[in-house]
file upload09.pdb (PDB, C-alpha atoms)
ATOM      1  CA  MET Z 536      41.489  29.560 108.225
ATOM      2  CA  ILE Z 537      44.377  28.093 110.206
ATOM      3  CA  PRO Z 538      43.586  27.231 113.843
ATOM      4  CA  LEU Z 539      45.171  29.579 116.360
ATOM      5  CA  ILE Z 540      47.400  27.043 118.160
ATOM      6  CA  PRO Z 541      48.943  25.452 115.001
ATOM      7  CA  ARG Z 542      49.517  28.956 113.658
ATOM      8  CA  PHE Z 543      51.284  29.911 116.893
ATOM      9  CA  LEU Z 544      53.492  26.793 116.761
ATOM     10  CA  PHE Z 545      54.285  27.469 113.107
ATOM     11  CA  VAL Z 546      55.379  31.046 113.843
ATOM     12  CA  LEU Z 547      57.370  29.944 116.912
ATOM     13  CA  THR Z 548      59.270  27.327 114.895
ATOM     14  CA  ARG Z 549      59.940  29.845 112.143
ATOM     15  CA  PHE Z 550      61.114  32.387 114.725
ATOM     16  CA  LEU Z 551      63.549  29.979 116.422
ATOM     17  CA  ILE Z 552      64.931  28.081 113.443
ATOM     18  CA  GLY Z 553      63.811  29.565 110.149
ATOM     19  CA  PRO Z 554      61.421  28.807 107.284
ATOM     20  CA  VAL Z 555      59.757  25.422 107.196
ATOM     21  CA  MET Z 556      62.257  22.816 106.025
ATOM     22  CA  PRO Z 557      62.158  20.355 103.175
ATOM     23  CA  LEU Z 558      62.387  16.721 104.220
ATOM     24  CA  PRO Z 559      66.175  16.175 103.700
ATOM     25  CA  SER Z 560      67.035  19.190 105.868
ATOM     26  CA  THR Z 561      64.580  18.073 108.529
ATOM     27  CA  ILE Z 562      66.241  14.652 108.652
ATOM     28  CA  ALA Z 563      69.698  16.286 108.827
ATOM     29  CA  LEU Z 564      68.584  18.526 111.677
ATOM     30  CA  ILE Z 565      67.157  15.584 113.636
ATOM     31  CA  ALA Z 566      70.397  13.637 113.069
ATOM     32  CA  SER Z 567      72.508  16.578 114.277
ATOM     33  CA  VAL Z 568      70.418  16.985 117.405
ATOM     34  CA  PHE Z 569      70.673  13.225 118.021
ATOM     35  CA  ILE Z 570      74.478  13.330 117.717
ATOM     36  CA  LEU Z 571      74.551  16.355 120.014
ATOM     37  CA  ALA Z 572      72.461  14.506 122.608
ATOM     38  CA  ILE Z 573      74.850  11.537 122.485
ATOM     39  CA  ALA Z 574      77.892  13.828 122.792
ATOM     40  CA  ILE Z 575      76.386  15.544 125.835
ATOM     41  CA  ALA Z 576      75.465  12.203 127.381
ATOM     42  CA  LEU Z 577      79.016  10.929 126.939
ATOM     43  CA  ARG Z 578      80.298  14.193 128.496
ATOM     44  CA  ARG Z 579      83.810  13.691 127.149
ATOM     45  CA  SER Z 580      82.988  13.886 123.432
ATOM     46  CA  PHE Z 581      83.620  17.586 123.060
ATOM     47  CA  ARG Z 582      84.810  17.288 119.452
ATOM     48  CA  TYR Z 583      81.568  15.613 118.385
ATOM     49  CA  ARG Z 584      79.620  18.122 120.434
ATOM     50  CA  THR Z 585      81.246  20.938 118.465
ATOM     51  CA  ILE Z 586      80.483  19.265 115.147
ATOM     52  CA  ALA Z 587      76.865  18.639 116.123
ATOM     53  CA  LEU Z 588      76.344  22.218 117.298
ATOM     54  CA  LEU Z 589      77.849  23.669 114.139
ATOM     55  CA  SER Z 590      75.751  21.279 112.046
ATOM     56  CA  VAL Z 591      72.610  22.676 113.634
ATOM     57  CA  LEU Z 592      73.833  26.206 112.855
ATOM     58  CA  ALA Z 593      74.594  25.191 109.263
ATOM     59  CA  ILE Z 594      71.116  23.748 108.750
ATOM     60  CA  MET Z 595      69.538  26.845 110.294
ATOM     61  CA  LEU Z 596      71.617  29.005 107.964
ATOM     62  CA  LEU Z 597      70.545  26.923 104.985
ATOM     63  CA  GLN Z 598      66.928  27.392 105.929
ATOM     64  CA  SER Z 599      67.379  31.119 106.493
ATOM     65  CA  LEU Z 600      68.757  31.403 102.963
ATOM     66  CA  GLN Z 601      65.698  29.652 101.575
ATOM     67  CA  PRO Z 602      63.736  32.890 100.965
ATOM     68  CA  VAL Z 603      66.735  34.381  99.126
ATOM     69  CA  LEU Z 604      67.052  31.324  96.883
ATOM     70  CA  LEU Z 605      63.315  31.261  96.216
ATOM     71  CA  SER Z 606      63.327  34.939  95.324
ATOM     72  CA  LEU Z 607      66.044  34.167  92.767
ATOM     73  CA  ASN Z 608      63.991  31.249  91.434
ATOM     74  CA  ALA Z 609      66.732  28.866  92.574
ATOM     75  CA  GLU Z 610      65.910  25.187  92.851
ATOM     76  CA  VAL Z 611      68.602  24.295  95.404
ATOM     77  CA  ILE Z 612      65.971  24.200  98.132
ATOM     78  CA  ARG Z 613      62.436  23.339  97.133
ATOM     79  CA  PRO Z 614      59.657  24.967  99.156
ATOM     80  CA  HIS Z 615      57.649  22.765 101.460
ATOM     81  CA  PRO Z 616      54.259  21.873  99.866
ATOM     82  CA  PHE Z 617      51.725  23.703 102.032
ATOM     83  CA  HIS Z 618      47.980  23.316 101.940
ATOM     84  CA  LYS Z 619      46.445  25.812  99.558
ATOM     85  CA  GLY Z 620      44.663  27.643 102.341
ATOM     86  CA  MET Z 621      47.912  28.041 104.267
ATOM     87  CA  TRP Z 622      49.859  29.843 101.534
ATOM     88  CA  SER Z 623      48.223  33.187 102.248
ATOM     89  CA  PHE Z 624      49.410  32.966 105.839
ATOM     90  CA  VAL Z 625      52.921  31.792 104.895
ATOM     91  CA  SER Z 626      53.348  34.471 102.253
ATOM     92  CA  THR Z 627      52.895  37.219 104.840
ATOM     93  CA  LEU Z 628      56.167  36.084 106.446
ATOM     94  CA  PHE Z 629      58.128  35.676 103.223
ATOM     95  CA  VAL Z 630      59.138  39.307 102.782
ATOM     96  CA  LEU Z 631      60.214  39.531 106.425
ATOM     97  CA  ASP Z 632      62.280  36.339 106.097
ATOM     98  CA  LEU Z 633      63.856  37.645 102.908
ATOM     99  CA  GLY Z 634      64.830  40.955 104.489
ATOM    100  CA  LEU Z 635      66.245  39.376 107.636
ATOM    101  CA  SER Z 636      68.191  36.816 105.603
ATOM    102  CA  ILE Z 637      69.792  39.486 103.423
ATOM    103  CA  VAL Z 638      70.683  41.632 106.435
ATOM    104  CA  GLY Z 639      72.127  38.599 108.231
ATOM    105  CA  VAL Z 640      74.294  37.539 105.309
ATOM    106  CA  LEU Z 641      75.631  41.063 104.805
ATOM    107  CA  ALA Z 642      76.317  41.401 108.536
ATOM    108  CA  ALA Z 643      78.136  38.046 108.553
ATOM    109  CA  ILE Z 644      80.312  39.108 105.626
ATOM    110  CA  CYS Z 645      81.197  42.341 107.416
ATOM    111  CA  ALA Z 646      81.905  40.478 110.675
ATOM    112  CA  ALA Z 647      84.125  37.949 108.904
ATOM    113  CA  ALA Z 648      86.043  40.724 107.150
ATOM    114  CA  TYR Z 649      86.487  42.650 110.396
ATOM    115  CA  ILE Z 650      87.703  39.604 112.317
ATOM    116  CA  GLY Z 651      89.906  38.257 109.538
ATOM    117  CA  PHE Z 652      91.349  41.494 108.205
ATOM    118  CA  GLY Z 653      90.827  43.913 111.073
ATOM    119  CA  LYS Z 654      90.914  42.664 114.632
ATOM    120  CA  SER Z 655      93.359  39.828 114.040
ATOM    121  CA  ARG Z 656      95.812  42.194 112.318
ATOM    122  CA  MET Z 657      95.875  44.744 115.119
ATOM    123  CA  SER Z 658      98.910  45.019 117.348
ATOM    124  CA  VAL Z 659      98.624  43.599 120.837
ATOM    125  CA  THR Z 660      98.815  47.100 122.322
ATOM    126  CA  ARG Z 661      95.813  48.182 120.259
ATOM    127  CA  ILE Z 662      93.793  45.156 121.320
ATOM    128  CA  PHE Z 663      94.641  45.757 124.991
ATOM    129  CA  PRO Z 664      95.555  49.439 125.350
ATOM    130  CA  GLN Z 665      94.969  49.271 129.105
ATOM    131  CA  PHE Z 666      97.859  46.847 129.717
ATOM    132  CA  THR Z 667     101.621  46.942 129.510
ATOM    133  CA  PHE Z 668     103.277  44.002 127.786
ATOM    134  CA  LEU Z 669     106.803  42.911 128.656
ATOM    135  CA  ASP Z 670     109.259  40.309 127.403
ATOM    136  CA  ALA Z 671     108.509  36.899 128.878
ATOM    137  CA  PRO Z 672     111.161  35.153 130.989
ATOM    138  CA  ARG Z 673     113.363  32.704 129.111
ATOM    139  CA  GLN Z 674     112.010  29.789 131.145
ATOM    140  CA  VAL Z 675     108.430  30.577 130.126
ATOM    141  CA  ARG Z 676     109.424  30.852 126.462
ATOM    142  CA  SER Z 677     111.196  27.505 126.745
ATOM    143  CA  VAL Z 678     108.114  25.822 128.241
ATOM    144  CA  VAL Z 679     105.886  27.195 125.471
ATOM    145  CA  ARG Z 680     108.365  26.051 122.828
ATOM    146  CA  ASP Z 681     108.513  22.531 124.292
ATOM    147  CA  LEU Z 682     104.715  22.290 124.585
ATOM    148  CA  ALA Z 683     104.263  23.474 121.010
ATOM    149  CA  GLY Z 684     106.734  20.836 119.870
ATOM    150  CA  SER Z 685     104.818  18.136 121.752
ATOM    151  CA  ALA Z 686     101.570  19.389 120.202
ATOM    152  CA  GLY Z 687     103.079  19.364 116.727
ATOM    153  CA  ILE Z 688     102.453  23.033 116.010
ATOM    154  CA  GLN Z 689     104.614  26.069 115.379
ATOM    155  CA  ALA Z 690     105.620  27.754 118.622
ATOM    156  CA  PRO Z 691     103.735  31.029 119.204
ATOM    157  CA  GLU Z 692     105.337  34.151 120.562
ATOM    158  CA  VAL Z 693     105.146  34.735 124.302
ATOM    159  CA  CYS Z 694     104.722  37.950 126.263
ATOM    160  CA  LEU Z 695     104.246  38.943 129.878
ATOM    161  CA  VAL Z 696     101.315  41.053 131.085
ATOM    162  CA  ASP Z 697     102.230  43.591 133.750
ATOM    163  CA  SER Z 698      99.316  42.715 136.025
ATOM    164  CA  GLY Z 699      99.021  41.096 139.425
ATOM    165  CA  THR Z 700      95.782  39.364 138.439
ATOM    166  CA  PRO Z 701      96.392  35.691 137.540
ATOM    167  CA  SER Z 702      95.462  35.080 133.923
ATOM    168  CA  ALA Z 703      96.664  33.605 130.652
ATOM    169  CA  PHE Z 704      95.244  33.993 127.169
ATOM    170  CA  THR Z 705      96.095  33.609 123.505
ATOM    171  CA  ILE Z 706      95.926  36.495 121.058
ATOM    172  CA  ARG Z 707      95.875  36.589 117.290
ATOM    173  CA  SER Z 708      97.760  39.788 116.585
ATOM    174  CA  ASN Z 709      99.481  41.020 113.429
ATOM    175  CA  ARG Z 710      98.618  37.707 111.735
ATOM    176  CA  ARG Z 711     100.479  35.669 114.353
ATOM    177  CA  PHE Z 712      99.589  33.988 117.617
ATOM    178  CA  ILE Z 713     100.839  35.267 120.952
ATOM    179  CA  VAL Z 714     100.459  33.543 124.312
ATOM    180  CA  ALA Z 715     100.223  36.111 127.125
ATOM    181  CA  ILE Z 716     100.697  35.266 130.772
ATOM    182  CA  SER Z 717     100.385  37.678 133.660
ATOM    183  CA  ILE Z 718     102.939  38.307 136.379
ATOM    184  CA  GLY Z 719     100.212  37.432 138.887
ATOM    185  CA  LEU Z 720      99.867  33.952 137.430
ATOM    186  CA  LEU Z 721     103.601  33.287 137.693
ATOM    187  CA  GLU Z 722     103.557  34.427 141.304
ATOM    188  CA  SER Z 723     100.439  32.438 142.258
ATOM    189  CA  LEU Z 724     101.307  29.022 140.837
ATOM    190  CA  ASP Z 725     104.225  26.627 140.986
ATOM    191  CA  ARG Z 726     106.180  25.511 137.927
ATOM    192  CA  LYS Z 727     103.978  22.498 137.073
ATOM    193  CA  GLU Z 728     100.790  24.514 137.416
ATOM    194  CA  VAL Z 729     102.120  27.304 135.206
ATOM    195  CA  GLU Z 730     103.052  24.670 132.640
ATOM    196  CA  ALA Z 731      99.499  23.311 132.808
ATOM    197  CA  CYS Z 732      98.013  26.762 132.134
ATOM    198  CA  LEU Z 733     100.377  27.281 129.216
ATOM    199  CA  ALA Z 734      99.449  23.828 127.898
ATOM    200  CA  HIS Z 735      95.800  24.893 127.926
ATOM    201  CA  GLU Z 736      96.652  27.882 125.733
ATOM    202  CA  ILE Z 737      98.774  25.786 123.379
ATOM    203  CA  SER Z 738      95.851  23.369 123.140
ATOM    204  CA  HIS Z 739      93.668  26.160 121.746
ATOM    205  CA  LEU Z 740      96.123  26.449 118.873
ATOM    206  CA  LYS Z 741      96.504  22.702 118.399
ATOM    207  CA  ASN Z 742      92.723  22.266 118.267
ATOM    208  CA  LYS Z 743      92.331  25.231 115.897
ATOM    209  CA  ASP Z 744      89.858  26.863 118.255
ATOM    210  CA  PHE Z 745      90.218  30.240 116.591
ATOM    211  CA  THR Z 746      88.775  28.710 113.422
ATOM    212  CA  TRP Z 747      85.916  26.886 115.190
ATOM    213  CA  ARG Z 748      85.007  29.983 117.165
ATOM    214  CA  PHE Z 749      85.196  32.109 114.038
ATOM    215  CA  ILE Z 750      82.708  29.836 112.255
ATOM    216  CA  ALA Z 751      80.311  29.848 115.212
ATOM    217  CA  THR Z 752      80.465  33.626 115.614
ATOM    218  CA  VAL Z 753      79.927  34.395 111.935
ATOM    219  CA  ALA Z 754      77.034  31.915 111.786
ATOM    220  CA  LYS Z 755      75.427  33.563 114.807
ATOM    221  CA  VAL Z 756      75.736  36.973 113.166
ATOM    222  CA  ALA Z 757      74.125  35.620 109.993
ATOM    223  CA  LEU Z 758      71.318  34.156 112.121
ATOM    224  CA  PHE Z 759      70.941  37.229 114.331
ATOM    225  CA  ALA Z 760      67.148  37.038 114.064
ATOM    226  CA  LYS Z 761      67.043  33.411 115.283
ATOM    227  CA  PRO Z 762      67.291  33.226 119.111
ATOM    228  CA  LEU Z 763      68.483  29.616 119.027
ATOM    229  CA  SER Z 764      71.797  30.755 117.527
ATOM    230  CA  TYR Z 765      72.512  32.777 120.678
ATOM    231  CA  LEU Z 766      72.460  29.526 122.655
ATOM    232  CA  ILE Z 767      74.466  27.451 120.197
ATOM    233  CA  GLU Z 768      77.410  29.847 119.768
ATOM    234  CA  PRO Z 769      78.373  29.983 123.475
ATOM    235  CA  ALA Z 770      77.876  26.210 123.681
ATOM    236  CA  VAL Z 771      80.531  25.839 120.972
ATOM    237  CA  TYR Z 772      82.891  28.086 122.936
ATOM    238  CA  ARG Z 773      82.355  26.077 126.118
ATOM    239  CA  ALA Z 774      82.957  22.794 124.316
ATOM    240  CA  ARG Z 775      86.281  24.111 122.984
ATOM    241  CA  GLU Z 776      87.341  25.138 126.505
ATOM    242  CA  PHE Z 777      86.615  21.663 127.865
ATOM    243  CA  LEU Z 778      88.482  20.146 124.928
ATOM    244  CA  ALA Z 779      91.464  22.448 125.543
ATOM    245  CA  ASP Z 780      91.595  21.213 129.137
ATOM    246  CA  ARG Z 781      91.617  17.593 128.007
ATOM    247  CA  THR Z 782      94.255  18.222 125.360
ATOM    248  CA  ALA Z 783      96.408  20.098 127.866
ATOM    249  CA  ALA Z 784      96.186  17.201 130.312
ATOM    250  CA  THR Z 785      97.376  14.867 127.553
ATOM    251  CA  LEU Z 786     100.299  17.147 126.697
ATOM    252  CA  ILE Z 787     101.584  17.306 130.269
ATOM    253  CA  GLY Z 788     100.993  13.669 131.162
ATOM    254  CA  GLY Z 789      97.819  13.944 133.213
ATOM    255  CA  PRO Z 790      95.228  16.366 134.605
ATOM    256  CA  THR Z 791      96.620  16.669 138.140
ATOM    257  CA  ALA Z 792      98.604  19.883 137.626
ATOM    258  CA  LEU Z 793      95.761  21.594 135.748
ATOM    259  CA  ILE Z 794      93.247  20.604 138.422
ATOM    260  CA  SER Z 795      95.569  22.039 141.055
ATOM    261  CA  ALA Z 796      96.016  25.276 139.085
ATOM    262  CA  LEU Z 797      92.282  25.723 138.553
ATOM    263  CA  SER Z 798      91.581  25.006 142.207
ATOM    264  CA  LYS Z 799      94.084  27.643 143.337
ATOM    265  CA  LEU Z 800      92.760  30.209 140.910
ATOM    266  CA  GLY Z 801      89.098  29.434 141.539
ATOM    267  CA  GLU Z 802      88.537  32.503 143.662
ATOM    268  CA  SER Z 803      90.554  34.776 141.394
ATOM    269  CA  GLN Z 804      89.064  37.016 138.767
ATOM    270  CA  SER Z 805      90.190  37.260 135.174
ATOM    271  CA  LEU Z 806      91.794  40.395 133.810
ATOM    272  CA  GLY Z 807      88.357  41.936 133.374
ATOM    273  CA  ILE Z 808      88.582  41.983 129.596
ATOM    274  CA  SER Z 809      85.485  41.293 127.556
ATOM    275  CA  ILE Z 810      86.308  41.048 123.870
ATOM    276  CA  SER Z 811      83.861  39.085 121.762
ATOM    277  CA  SER Z 812      85.962  38.339 118.723
ATOM    278  CA  GLU Z 813      88.282  35.755 117.297
ATOM    279  CA  ALA Z 814      91.303  37.916 118.139
ATOM    280  CA  VAL Z 815      91.441  36.496 121.656
ATOM    281  CA  CYS Z 816      91.121  33.043 123.240
ATOM    282  CA  MET Z 817      90.767  33.968 126.884
ATOM    283  CA  CYS Z 818      90.088  31.430 129.572
ATOM    284  CA  HIS Z 819      87.877  33.096 132.165
ATOM    285  CA  LEU Z 820      88.029  31.268 135.460
ATOM    286  CA  ASN Z 821      84.374  31.673 136.361
ATOM    287  CA  GLY Z 822      81.391  31.232 134.078
ATOM    288  CA  GLY Z 823      77.867  32.521 134.556
ATOM    289  CA  ASN Z 824      75.491  31.582 137.329
ATOM    290  CA  GLY Z 825      72.112  29.864 137.295
ATOM    291  CA  PHE Z 826      70.016  29.907 134.172
ATOM    292  CA  PHE Z 827      72.198  32.488 132.433
ATOM    293  CA  ARG Z 828      75.097  30.027 132.421
ATOM    294  CA  ILE Z 829      73.779  28.759 129.072
ATOM    295  CA  LEU Z 830      74.632  32.167 127.601
ATOM    296  CA  ASP Z 831      78.192  32.222 128.966
ATOM    297  CA  LYS Z 832      81.031  31.374 126.601
ATOM    298  CA  HIS Z 833      83.227  30.061 129.397
ATOM    299  CA  PRO Z 834      82.361  27.008 131.498
ATOM    300  CA  ASP Z 835      82.189  27.178 135.242
ATOM    301  CA  ILE Z 836      85.509  26.313 136.887
ATOM    302  CA  HIS Z 837      83.897  23.587 138.992
ATOM    303  CA  ALA Z 838      82.573  21.927 135.841
ATOM    304  CA  ARG Z 839      86.056  22.064 134.321
ATOM    305  CA  ILE Z 840      87.625  20.506 137.397
ATOM    306  CA  LYS Z 841      84.960  17.794 137.484
ATOM    307  CA  ALA Z 842      85.568  16.950 133.808
ATOM    308  CA  LEU Z 843      89.315  16.674 134.473
ATOM    309  CA  GLN Z 844      88.725  14.487 137.521
ATOM    310  CA  GLU Z 845      86.595  12.166 135.410
ATOM    311  CA  MET Z 846      89.466  11.999 132.939
ATOM    312  CA  ARG Z 847      91.830  10.991 135.752
ATOM    313  CA  THR Z 848      89.546   8.192 136.941
ATOM    314  CA  SER Z 849      88.658   6.876 133.481
TER     315      SER Z 849
END
call {"tool": "encode", "arguments": {"input": "upload09.pdb", "output": "structure tokens"}}
result
Amino acid sequence: MIPLIPRFLFVLTRFLIGPVMPLPSTIALIASVFILAIAIALRRSFRYRTIALLSVLAIMLLQSLQPVLLSLNAEVIRPHPFHKGMWSFVSTLFVLDLGLSIVGVLAAICAAAYIGFGKSRMSVTRIFPQFTFLDAPRQVRSVVRDLAGSAGIQAPEVCLVDSGTPSAFTIRSNRRFIVAISIGLLESLDRKEVEACLAHEISHLKNKDFTWRFIATVAKVALFAKPLSYLIEPAVYRAREFLADRTAATLIGGPTALISALSKLGESQSLGISISSEAVCMCHLNGGNGFFRILDKHPDIHARIKALQEMRTS
């Protein structure tokens, strides 16, 4: 008979991460968490933070697939050698793990197909039916073209959102990227600040954030029964936003203009759009509050400004 407390800890670990791991996976998980801790401590290592977070998701996914592989008599992952008296307890969870793993994998496949072949191929008017899109001014198109050239990427299309609310975002529509900027943003900021906001959007494309976000989202769907994945996915999104800020500051020769833009827009609200898919890279100005900030995919504006100020003083 397994003592109550060890049994509770065993179930809790299985609930958060997955089936008990073989030694190599345990070592890999510890290494990933160690790298993540270093990246967070350094504060500016957002690329390594992304890699560490996705590594944890990958190991969790590998462990979640363990029941499927065992049911197929696969030897890719060997089961952990439990005490003989513990197998009866472990076996009661096997069928549940197997069912959840199969459902998660199927859901991830469907989510990937929908994002890759559905949402990203919709027209911009279908993605945002509540807004009117206009041709962007020539000056804005020229700025985007110059920034894309500096970033070494193909220039995306540019459109204007007929809204007085200051906002800018990047859309993947009809298999191409579109940078959208609202009339309100052009009216609220000066030329350098508008350029900084556009540089942030171009940075999402340069850093391939659509791909990183896609991987994190699909992994979370596959691990829908593991609560830890609901913390890791938004952490990946936040890391990419911080990295986009840093890349934008590099493109425009320093963080001053972006800090100024964020400070001016700090009290503004975003367009009020909440689309959780890889079709949109939207930079919300305000993240969550208090404890629930860890569930928000967008960092708090004050944290973004602080990170940029540290970049200026470093």
call {"tool": "resolve_selection", "arguments": {"input": "upload09.pdb", "expression": "the PyMOL selection byres ((chain Z and resi 653-668) around 8)", "output": "ChimeraX atom specification"}}
result
/Z:648-652,669-670,694-698,706-710,812-814
call {"tool": "closest_residue", "arguments": {"input": "upload09.pdb", "among": "Z:Arg673, Z:Arg711, Z:Arg748, Z:Lys755", "to": "Ser599 in chain Z", "atoms": "only C-alpha atoms"}}
result
Z:Lys755
call {"tool": "atom_distance", "arguments": {"input": "upload09.pdb", "atom1": "CA of Ala757 in chain Z", "atom2": "CA of Leu604 in chain Z"}}
result
15.5 Å
call {"tool": "residues_around", "arguments": {"input": "upload09.pdb", "residues": "range 786-794 of chain Z", "least_positions_apart": "3", "cutoff": "8 Å", "atoms": "all atoms listed in the file", "output": "PyMOL selection string"}}
result
chain Z and resi 682+685-686+727-728+730-732+734+780-783+797-798+840+843-844+846-847
call {"tool": "closest_residue", "arguments": {"input": "upload09.pdb", "among": "Z:Leu600, Z:Cys645, Z:Ile737, Z:Ala774", "to": "Ser580 in chain Z", "atoms": "only C-alpha atoms"}}
result
Z:Ala774
call {"tool": "atom_distance", "arguments": {"input": "upload09.pdb", "atom1": "CA of Glu845 in chain Z", "atom2": "CA of Arg584 in chain Z"}}
result
17.6 Å
call {"tool": "resolve_selection", "arguments": {"input": "upload09.pdb", "expression": "the PyMOL selection byres ((chain Z and resi 693) around 8)", "output": "list in words"}}
result
Asp670, Ala671, Val675, Arg676, Val679, Pro691, Glu692, Cys694, Leu695, Ile713, Val714, Ala715 and Ile716 of chain Z
call {"tool": "write_last_selection", "arguments": {"input": "upload09.pdb", "atoms": "C-alpha atoms", "output": "CSV table (one decimal), in the frame of the given file"}}
result
chain,number,residue,atom,x,y,z
Z,670,ASP,CA,109.3,40.3,127.4
Z,671,ALA,CA,108.5,36.9,128.9
Z,675,VAL,CA,108.4,30.6,130.1
Z,676,ARG,CA,109.4,30.9,126.5
Z,679,VAL,CA,105.9,27.2,125.5
Z,691,PRO,CA,103.7,31.0,119.2
Z,692,GLU,CA,105.3,34.2,120.6
Z,694,CYS,CA,104.7,38.0,126.3
Z,695,LEU,CA,104.2,38.9,129.9
Z,713,ILE,CA,100.8,35.3,121.0
Z,714,VAL,CA,100.5,33.5,124.3
Z,715,ALA,CA,100.2,36.1,127.1
Z,716,ILE,CA,100.7,35.3,130.8
call {"tool": "resolve_selection", "arguments": {"input": "upload09.pdb", "expression": "the PyMOL selection byres ((chain Z and resi 778) around 10)", "output": "NGL selection string"}}
result
:Z and (579-582 or 585 or 735 or 738-739 or 742 or 744 or 772-777 or 779-784 or 839 or 842)
call {"tool": "atom_distance", "arguments": {"input": "upload09.pdb", "atom1": "CA of Leu605 in chain Z", "atom2": "CA of Leu635 in chain Z"}}
result
14.3 Å
call {"tool": "closest_residue", "arguments": {"input": "upload09.pdb", "among": "Z:Thr848, Z:Gln598, Z:Thr705, Z:Gln674", "to": "Val729 in chain Z", "atoms": "only C-alpha atoms"}}
result
Z:Gln674
